[in-house]
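K.L.:
Pasting a structure below so you can have a look.
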Amino acid sequence: MNHKLKRRELLKTAAALGSAAALPRTASAQGAKPYTGVTLNVSTFSAAYPRLLQQWLPEFEAATGARVNFDAPSFPVYNQRADLELSTRGSAYDVVNVTYIYTSRWINSGWLTPLDDYLKNPALTPADFDLQDFLPGARAPETGRDGKLYGIPWTAEVLLQGSSRFDLVQKAGLAFPDTTDDLVKVLQAVNKKERVAGFVADNHYGWTFVPYLHAFGGDVFRKAPDDIFPTLDTPEAIAAGEYYARLIREFGPDGGVTYQPDQVTQALKSGRVNFADAGQLYLAQLGDAATSKTINTVKFGAVPKGPAGRFPGTAVHALGIPAGSKNKEAAWAFIRWALSKQTTQRAVAAGYGSPARRSDILSAEFRKKQVINGSDLGQLALDSIEQAAKTGHMKYRTVAVYPQVDQQLNKAIELVVTGQLSAKQAFQNAQAGSIADLKRAGIRL
Amino acid sequence: MSLAARAGGWQQQRARAYRRGLAPSLAVLLLITLVPAAALLVASFTPLTLTDPAASFRFDDPLVNYRQLLHDERFIASIVVQLKLSASSVLLQLLTGLGLALLLDGRSRLLAGARTAFLIPMVLPPIVVALIWKILYTPDVSPLHRLLEAAGWPVRSLIANPDTALWAIAAADTWQWFPFTMLMVLAALQTIPDEPLEAARLDGANRWQLFRHIVLAYIRPVLVVCGLFRLIDSFKAFPLIYVLTNGGPGNVSEVTNFYGFIQAFNFSYWGYASAIATVMLAGVFFLSWLVGRLGWSDHGVR
């Protein structure tokens with residue numbers, strides 16, 4: 001007991017020392033609080049990493065003298081609020097989350113501040129911040145057309161496939177599905193066994209369906225980001241839509257088309273649904289012994305490959321500074337602290353499951369935590385990120401008008417699943433709608 | 001003559017004093033009501049989009065949004081959905097509210113307790129109501145679905161079915177707002193004098209005849225006001241749709257208000273969304289006028 005206490009104290013001291021090292025150098029060097037009197041307004045969506053930062057804020061405030069208001073509403077609420085605020089060049093926020101789907105729109109509209117000058121200035125950024133340590137695939141979407149960097153990534157999330165009741169698959173004498181055909185075979189064998197539905201997906205289909213669209217040889221645009229003519233009515237896209245809608249219609253739980261991310265996670269944790277594609281942050285929650293009933297039966301894998309190959313979805317979120325901020329230097333000090341090696345390592349030690357620094361992803365501590373019931377989520381994520389960087393298939397997502405096309409895809413899948421339209425009709429409508437949306441946005445096709 | 005002149009002067013002074021007294025309130029009213037409405041109207045004549053506000057706040061083709069609305073199938077479909085939802089939910093609210101008010105119109109403690117209990121849905125924040133119904137409509141966790149399944153009448157998810165999603169929202173909206181009609185009708189019932197009811201009873205009128213010829217005549221203006229209030233409010237339906245169906249499956253529960261929200265907040269087309277809001281405003285004015293003209297209230301007679 002005494003030994004344990006000492007060990008805990010030692011760890012606490014080490015963490016505190018680490019945080020002190022992460023704190024803005026100007027503060028410790030001058031022995032003063034350089035941002036006394038400054039109030040920083042920080043906003044991100046609610047997620048594991050921002051929650052950790054909120055806990056550790058007093059340390060940043062004590063070292064710099066700045067006061068931080070940290071607001072973290074839900075994902076859609078945050079995006080709407082931030083989009084509106086940034087578009088007016090307002091000064092309400094000093095640090096924002098650069099949401100993946102909005103990166104091109106926010107960066108290329110000039111709504112964010114380039115960070116290069118801060119990064120180059122040794123008085124503002126110590127050498128050990130090590131920008132190159134952030135995965136190249138995570139930095140790429142944060143880079144504008146002007147080649148400047150506008151966000152420092154805090155998460156590189158990957159869409160993976162999870163099976164909460166893999167024991168049922170094993171009982172059926174089958175392996176974890178590797179291909180889209182395998183997936184259907186497995187679902188036919190396990191659907192409704194022990195009252196467990198076969199498959200469900202977050203109804204943000206503009207995210208969850210696209211790996212299947214790619215796997216069938218289709219794509220969202222002809223060749224994003226240079227040629228963004230929509231390609232949603234190709235035979236490949238229609239086949240992918242038909243296939244995917246079948247997964248939800250035939251193997252989904254009652255009301256499967258209404259499921260949102262938290263519902264999907266709960267359904268997997270309680271063992272009400274067997275298979276789902278979800279971000280590894282959500283899937284990692286199946287390893288939580290306190291709340292997951294399926295911790296001993298879970299297995300993870302990459303999203304299935306189709307006739308054209310395997311195309312896992314990846315998403316990067318970053319911290320950036322709005323163009324209208326009146327406290328840019330203090331805002332940069334915050335980002336530097338929030339994403340310093342010391343802080344990200346501390347987050348990994350606290351169980352954070354989706355870091356964007358290579359050193360964190362490769363650390364023994366992270367890898368150990370990412371192995372759940374024998375499945376290595378960390379390795380699966382790393383492989384997927386590297387593959388996405390190689391193929392560039394995620395470029396569609398950073399197109400400025402993607403939010404409109406994203407919604408066309410959401411509607412198309414819903415219409416097919418609920419039998420209102422055939423896949424062909426729904427995807428032809430989505431194509432026509434997307435073209436109209438793009439033209440309205442002033443894009444010449 | 002001089003007296004009359006003095007009287008006229010006094011009246012003019014009084015009118016001036018009234019105007020001066022009213023001026024501050026009118027100025028505030030103008031500022032908080034008419035200025036935003038005018039801003040909406042002005043924005044609706046521009047292709048304003050927040051991705052490029054400087055270049056898009058222009059008036060070279062002021063009717064562009066309105067022309068586009070005429071060809072926007074999703075917008076036209078949203079009006080049909082809106083009319084279905086408004087008509088069904090307002091009618092259900094009026095019938096439920098009226099029925100319960102008639103049942104609960106009495107002086108016992110039990111009835112007073114029931115009246116209070118029935119008011120609860122109306123005082124709940126709309127988002128709480130939406131979450132309650134989200135749970136009730138999600139088969140996996142819904143006590144309603146479990147009960148029906150246990151009774152041998154399993155029901156598939158109502159909000160995932162395109163044939164029932166809109167009616168599921170109408171039912172939730174009715175649950176939240178029938179107490180408004182109930183409350184108003186209960187208040188109106190208190191004002192009915194006993195004499196005509198007693199006279200009719202002595203003449204042998206049955207309960208239906210009493211209701212049809214005396215009670216309904218008294219409460220009709222209140223019912224019209226309730227219907228009008230709820231009709232106007234039904235055009236603002238948002239939390240239930242946002243939480244329960246997000247306008248889907250497909251577009252079956254996408255009302256005009258929700259479509260305007262998507263255009264403004266998801267796509268940043270503020271000019272277009274303003275045009276949608278302006279059309280809605282005109283629609284609500286027209287419907288209100290129509291309800292008044294149908295002669296369901298006594299105001300026209302008087």
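Just so we're on the same page: first chain in the structure tokens is A, next is B, and so on; residues restart at 1 for each chain, and ligands are numbered from 1 in the order they show up.
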Please provide the set of residues having any atom within 12 Å of Gly227 (chain B), restricted to only C-alpha atoms, with same-chain residues fewer than 2 positions apart removed, written as JSON, numbers by chain.

P.N.:
{"B": [86, 87, 88, 89, 90, 91, 92, 93, 94, 95, 97, 98, 177, 178, 180, 181, 182, 184, 185, 220, 221, 222, 223, 224, 225, 229, 230, 231, 232, 233, 234, 287, 288, 291, 292, 296, 297]}

K.L.:
Sorted by chain and rising residue number, which residues of chain B lie within 7 Å of chain A, and what are their closest atom pairs and distances in Å to one decimal, counting only C-alpha atoms, as CSV?

P.N.:
```
residue,atom,partner,partner_atom,distance
B:Leu50,CA,A:Ser87,CA,5.5
B:Thr51,CA,A:Ser87,CA,6.2
B:Thr138,CA,A:Gly255,CA,6.9
B:Pro139,CA,A:Asp254,CA,6.5
B:Arg156,CA,A:Asp254,CA,6.3
B:Ser157,CA,A:Gly255,CA,5.0
B:Ala160,CA,A:Gly255,CA,4.9
B:Asn161,CA,A:Thr418,CA,6.6
B:Pro162,CA,A:Thr418,CA,6.8
B:Thr245,CA,A:Thr258,CA,6.9
B:Pro249,CA,A:Glu414,CA,5.5
B:Gly250,CA,A:Lys411,CA,4.9
B:Phe265,CA,A:Gln80,CA,5.9
B:Asn266,CA,A:Gln80,CA,6.8
B:Phe267,CA,A:Gln404,CA,6.6
```

K.L.:
Write out as a ChimeraX atom specification which residues come within 12 Å of Pro125 (chain B) when counting only C-alpha atoms, dropping same-chain ones fewer than 5 positions away.

P.N.:
/B:120,130-132,176-177,239-240

K.L.:
Report as a ChimeraX atom specification all protein, DNA and RNA residues lying within 12 Å of Arg357 (chain A), evaluated on only C-alpha atoms, omitting residues in the same chain fewer than 6 positions from it.

P.N.:
/A:129-139,152-156,316,318,339-345,347-348,363,366,382

K.L.:
Take the selection from the previous step and output its residues with C-alpha atoms, as a tab-separated table (two decimals), in the first residue's frame.

P.N.:
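Listing of out19.tsv after writing:
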```tsv
chain	number	residue	atom	x	y	z
A	129	PHE	CA	7.46	21.31	-29.83
A	130	ASP	CA	8.62	19.32	-32.89
A	131	LEU	CA	5.99	19.97	-35.53
A	132	GLN	CA	7.33	17.12	-37.67
A	133	ASP	CA	6.25	14.69	-34.95
A	134	PHE	CA	2.61	15.24	-35.97
A	135	LEU	CA	1.63	12.68	-38.62
A	136	PRO	CA	2.09	14.12	-42.15
A	137	GLY	CA	-1.37	12.77	-43.01
A	138	ALA	CA	-2.77	14.82	-40.12
A	139	ARG	CA	-0.91	18.01	-41.03
A	152	ILE	CA	-2.20	21.80	-35.04
A	153	PRO	CA	-3.91	18.38	-34.99
A	154	TRP	CA	-5.05	16.88	-31.70
A	155	THR	CA	-6.72	13.81	-33.13
A	156	ALA	CA	-6.32	11.58	-36.15
A	316	VAL	CA	-8.32	15.03	-38.40
A	318	ALA	CA	-6.93	20.53	-34.99
A	339	LEU	CA	-0.43	20.07	-27.89
A	340	SER	CA	3.09	19.98	-26.51
A	341	LYS	CA	4.74	16.57	-26.32
A	342	GLN	CA	4.41	16.66	-22.54
A	343	THR	CA	0.66	17.34	-22.64
A	344	THR	CA	-0.11	14.78	-25.33
A	345	GLN	CA	2.00	12.16	-23.53
A	347	ALA	CA	-3.16	12.54	-22.19
A	348	VAL	CA	-2.07	9.16	-23.54
A	363	SER	CA	4.80	4.68	-27.40
A	366	PHE	CA	-0.37	3.84	-25.88
A	382	LEU	CA	-1.86	3.58	-37.72
```

K.L.:
Expressed in Å to a single decimal, how great is the separation between CA of Gln161 (chain A) and CA of Val303 (chain A)?

P.N.:
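A separation of 5.2 Å between them.
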
K.L.:
Report the distance between CA of Val64 (chain B) and CA of Val80 (chain B) in Å, rounded to one decimal place.

P.N.:
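Result for CA of Val64 (chain B) versus CA of Val80 (chain B): 22.6 Å, one decimal.
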
K.L.:
Identify, on the basis of only C-alpha atoms, every residue whose closest approach to region 375-381 of chain A does not exceed 9 Å; exclude the query and any residue fewer than 6 positions from it along the same chain; express the result as a list in words.

P.N.:
Ala156, Glu157, Val158, Leu159, Leu160, Gln280, Leu283, Ala284, Val298, Lys299, Phe300, Gly301, Ala302, Thr314, Gly353, Ser354, Ile361, Leu362, Phe366, Arg367, Lys368 and Lys369 of chain A

K.L.:
Once you have the residues from the selection above, write them out as a PDB file, in the first residue's frame, restricted to N, CA and C atoms.

P.N.:
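Okay, this is what ended up in part07.pdb:
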```pdb
ATOM      1  N   ALA A 156      -6.253  12.172 -34.813  1.00  0.00           N
ATOM      2  CA  ALA A 156      -6.321  11.581 -36.150  1.00  0.00           C
ATOM      3  C   ALA A 156      -7.187  10.345 -35.960  1.00  0.00           C
ATOM      4  N   GLU A 157      -8.448  10.515 -36.292  1.00  0.00           N
ATOM      5  CA  GLU A 157      -9.410   9.447 -36.015  1.00  0.00           C
ATOM      6  C   GLU A 157      -9.599   8.572 -37.250  1.00  0.00           C
ATOM      7  N   VAL A 158      -9.818   7.310 -37.005  1.00  0.00           N
ATOM      8  CA  VAL A 158      -9.946   6.368 -38.114  1.00  0.00           C
ATOM      9  C   VAL A 158     -11.247   5.586 -37.961  1.00  0.00           C
ATOM     10  N   LEU A 159     -11.907   5.363 -39.071  1.00  0.00           N
ATOM     11  CA  LEU A 159     -13.128   4.553 -39.053  1.00  0.00           C
ATOM     12  C   LEU A 159     -12.727   3.081 -39.148  1.00  0.00           C
ATOM     13  N   LEU A 160     -13.037   2.332 -38.096  1.00  0.00           N
ATOM     14  CA  LEU A 160     -12.691   0.905 -38.075  1.00  0.00           C
ATOM     15  C   LEU A 160     -13.974   0.093 -37.908  1.00  0.00           C
ATOM     16  N   GLN A 280     -12.173   5.023 -33.870  1.00  0.00           N
ATOM     17  CA  GLN A 280     -11.562   4.196 -32.826  1.00  0.00           C
ATOM     18  C   GLN A 280     -11.782   4.782 -31.442  1.00  0.00           C
ATOM     19  N   LEU A 283     -14.943   3.107 -30.522  1.00  0.00           N
ATOM     20  CA  LEU A 283     -14.761   1.660 -30.351  1.00  0.00           C
ATOM     21  C   LEU A 283     -13.947   1.345 -29.096  1.00  0.00           C
ATOM     22  N   ALA A 284     -12.999   2.248 -28.764  1.00  0.00           N
ATOM     23  CA  ALA A 284     -12.160   2.000 -27.578  1.00  0.00           C
ATOM     24  C   ALA A 284     -13.012   1.921 -26.311  1.00  0.00           C
ATOM     25  N   VAL A 298     -15.295  -8.835 -27.715  1.00  0.00           N
ATOM     26  CA  VAL A 298     -15.135  -7.855 -28.779  1.00  0.00           C
ATOM     27  C   VAL A 298     -13.938  -8.179 -29.673  1.00  0.00           C
ATOM     28  N   LYS A 299     -14.048  -7.809 -30.939  1.00  0.00           N
ATOM     29  CA  LYS A 299     -12.907  -7.898 -31.852  1.00  0.00           C
ATOM     30  C   LYS A 299     -12.995  -6.754 -32.854  1.00  0.00           C
ATOM     31  N   PHE A 300     -11.823  -6.222 -33.216  1.00  0.00           N
ATOM     32  CA  PHE A 300     -11.798  -5.099 -34.153  1.00  0.00           C
ATOM     33  C   PHE A 300     -11.029  -5.465 -35.412  1.00  0.00           C
ATOM     34  N   GLY A 301     -11.353  -4.769 -36.486  1.00  0.00           N
ATOM     35  CA  GLY A 301     -10.626  -4.951 -37.741  1.00  0.00           C
ATOM     36  C   GLY A 301     -10.751  -3.699 -38.594  1.00  0.00           C
ATOM     37  N   ALA A 302     -10.096  -3.725 -39.739  1.00  0.00           N
ATOM     38  CA  ALA A 302     -10.219  -2.596 -40.664  1.00  0.00           C
ATOM     39  C   ALA A 302     -11.580  -2.673 -41.346  1.00  0.00           C
ATOM     40  N   THR A 314     -10.612   8.444 -42.553  1.00  0.00           N
ATOM     41  CA  THR A 314      -9.836   9.095 -41.484  1.00  0.00           C
ATOM     42  C   THR A 314     -10.337  10.523 -41.340  1.00  0.00           C
ATOM     43  N   GLY A 353      -7.169   8.003 -26.544  1.00  0.00           N
ATOM     44  CA  GLY A 353      -7.002   6.932 -27.530  1.00  0.00           C
ATOM     45  C   GLY A 353      -6.799   7.336 -28.972  1.00  0.00           C
ATOM     46  N   SER A 354      -6.614   8.633 -29.263  1.00  0.00           N
ATOM     47  CA  SER A 354      -6.528   9.008 -30.671  1.00  0.00           C
ATOM     48  C   SER A 354      -5.542  10.154 -30.902  1.00  0.00           C
ATOM     49  N   ILE A 361       1.756   7.631 -30.710  1.00  0.00           N
ATOM     50  CA  ILE A 361       1.156   6.423 -31.289  1.00  0.00           C
ATOM     51  C   ILE A 361       2.108   5.234 -31.150  1.00  0.00           C
ATOM     52  N   LEU A 362       3.422   5.517 -31.264  1.00  0.00           N
ATOM     53  CA  LEU A 362       4.390   4.423 -31.180  1.00  0.00           C
ATOM     54  C   LEU A 362       4.792   4.093 -29.745  1.00  0.00           C
ATOM     55  N   PHE A 366       0.822   3.719 -25.029  1.00  0.00           N
ATOM     56  CA  PHE A 366      -0.371   3.843 -25.878  1.00  0.00           C
ATOM     57  C   PHE A 366      -0.739   2.482 -26.455  1.00  0.00           C
ATOM     58  N   ARG A 367       0.286   1.788 -26.983  1.00  0.00           N
ATOM     59  CA  ARG A 367       0.011   0.512 -27.642  1.00  0.00           C
ATOM     60  C   ARG A 367      -0.618  -0.489 -26.681  1.00  0.00           C
ATOM     61  N   LYS A 368      -0.123  -0.444 -25.442  1.00  0.00           N
ATOM     62  CA  LYS A 368      -0.641  -1.381 -24.436  1.00  0.00           C
ATOM     63  C   LYS A 368      -2.135  -1.121 -24.187  1.00  0.00           C
ATOM     64  N   LYS A 369      -2.484   0.157 -24.094  1.00  0.00           N
ATOM     65  CA  LYS A 369      -3.879   0.515 -23.793  1.00  0.00           C
ATOM     66  C   LYS A 369      -4.820   0.242 -24.968  1.00  0.00           C
TER      67      LYS A 369
END
```

K.L.:
Which residues come within 10 Å of region 39-52 of chain A, counting only C-alpha atoms, excluding same-chain residues fewer than 3 positions away, as an mmCIF file with C-alpha atoms, in the first residue's frame?

P.N.:
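Ended up saving to part.cif:
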```
data_model
loop_
_atom_site.group_PDB
_atom_site.id
_atom_site.type_symbol
_atom_site.label_atom_id
_atom_site.label_comp_id
_atom_site.auth_asym_id
_atom_site.auth_seq_id
_atom_site.Cartn_x
_atom_site.Cartn_y
_atom_site.Cartn_z
ATOM 1 C CA TYR A 35 -0.642 37.023 -20.206
ATOM 2 C CA THR A 36 -2.007 38.387 -16.956
ATOM 3 C CA GLN A 55 -9.085 19.404 -16.248
ATOM 4 C CA TRP A 56 -5.540 20.679 -16.640
ATOM 5 C CA LEU A 57 -6.422 24.303 -17.455
ATOM 6 C CA GLU A 61 -3.664 29.697 -16.122
ATOM 7 C CA GLY A 65 -1.738 34.496 -15.890
ATOM 8 C CA ALA A 66 -4.316 34.118 -18.674
ATOM 9 C CA ARG A 67 -7.856 33.202 -17.800
ATOM 10 C CA VAL A 68 -9.417 30.587 -20.085
ATOM 11 C CA ASN A 69 -13.101 30.079 -20.865
ATOM 12 C CA PHE A 70 -13.281 26.632 -22.413
ATOM 13 C CA ASP A 71 -16.575 25.822 -24.096
ATOM 14 C CA ALA A 72 -17.178 22.351 -25.557
ATOM 15 C CA PRO A 73 -20.727 21.774 -26.857
ATOM 16 C CA SER A 74 -21.778 18.758 -28.925
ATOM 17 C CA PHE A 75 -20.281 18.251 -32.395
ATOM 18 C CA PRO A 76 -23.117 19.661 -34.572
ATOM 19 C CA VAL A 77 -23.791 22.562 -32.206
ATOM 20 C CA TYR A 78 -20.093 23.454 -32.100
ATOM 21 C CA ASN A 79 -19.770 23.366 -35.880
ATOM 22 C CA ARG A 81 -21.621 28.076 -33.846
ATOM 23 C CA ALA A 82 -17.995 28.150 -35.009
ATOM 24 C CA SER A 91 -13.447 38.001 -32.018
ATOM 25 C CA ALA A 92 -15.596 35.852 -29.733
ATOM 26 C CA TYR A 93 -13.138 32.943 -29.921
ATOM 27 C CA ASP A 94 -9.356 32.937 -29.591
ATOM 28 C CA VAL A 95 -8.824 29.213 -30.138
ATOM 29 C CA VAL A 96 -11.164 26.976 -32.101
ATOM 30 C CA ASN A 97 -11.306 23.394 -33.217
ATOM 31 C CA VAL A 98 -10.662 23.203 -36.960
ATOM 32 C CA THR A 99 -13.288 20.615 -37.844
ATOM 33 C CA TRP A 154 -5.055 16.876 -31.705
ATOM 34 C CA THR A 155 -6.715 13.807 -33.131
ATOM 35 C CA LEU A 281 -12.375 6.707 -30.068
ATOM 36 C CA HIS A 317 -9.299 17.738 -35.948
ATOM 37 C CA ALA A 318 -6.935 20.533 -34.987
ATOM 38 C CA LEU A 319 -6.655 23.648 -32.865
ATOM 39 C CA GLY A 320 -6.434 26.935 -34.741
ATOM 40 C CA ILE A 321 -6.699 30.667 -34.149
ATOM 41 C CA SER A 325 -9.001 36.911 -32.459
ATOM 42 C CA LYS A 326 -7.574 39.840 -30.505
ATOM 43 C CA ASN A 327 -5.285 37.649 -28.372
ATOM 44 C CA LYS A 328 -3.383 35.698 -30.981
ATOM 45 C CA ALA A 330 -1.764 34.143 -25.982
ATOM 46 C CA ALA A 331 -3.921 31.854 -28.122
ATOM 47 C CA PHE A 334 -2.452 27.924 -25.315
ATOM 48 C CA ILE A 335 -2.190 25.721 -28.421
ATOM 49 C CA ALA A 338 -2.314 21.981 -25.219
ATOM 50 C CA THR A 343 0.660 17.342 -22.636
ATOM 51 C CA THR A 344 -0.111 14.783 -25.335
ATOM 52 C CA ARG A 346 0.128 12.949 -20.341
ATOM 53 C CA ALA A 347 -3.161 12.541 -22.193
ATOM 54 C CA VAL A 348 -2.069 9.160 -23.538
ATOM 55 C CA ALA A 350 -4.580 9.191 -18.889
ATOM 56 C CA GLY A 351 -6.100 6.870 -21.506
ATOM 57 C CA TYR A 352 -6.538 9.183 -24.511
ATOM 58 C CA GLY A 353 -7.002 6.932 -27.530
ATOM 59 C CA SER A 354 -6.528 9.008 -30.671
ATOM 60 C CA PRO A 355 -3.319 11.071 -30.629
#
```

K.L.:
To one decimal place, how far is CA of Gln428 (chain A) from CA of Leu232 (chain A) in Å?

P.N.:
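So the answer is 6.9 Å.
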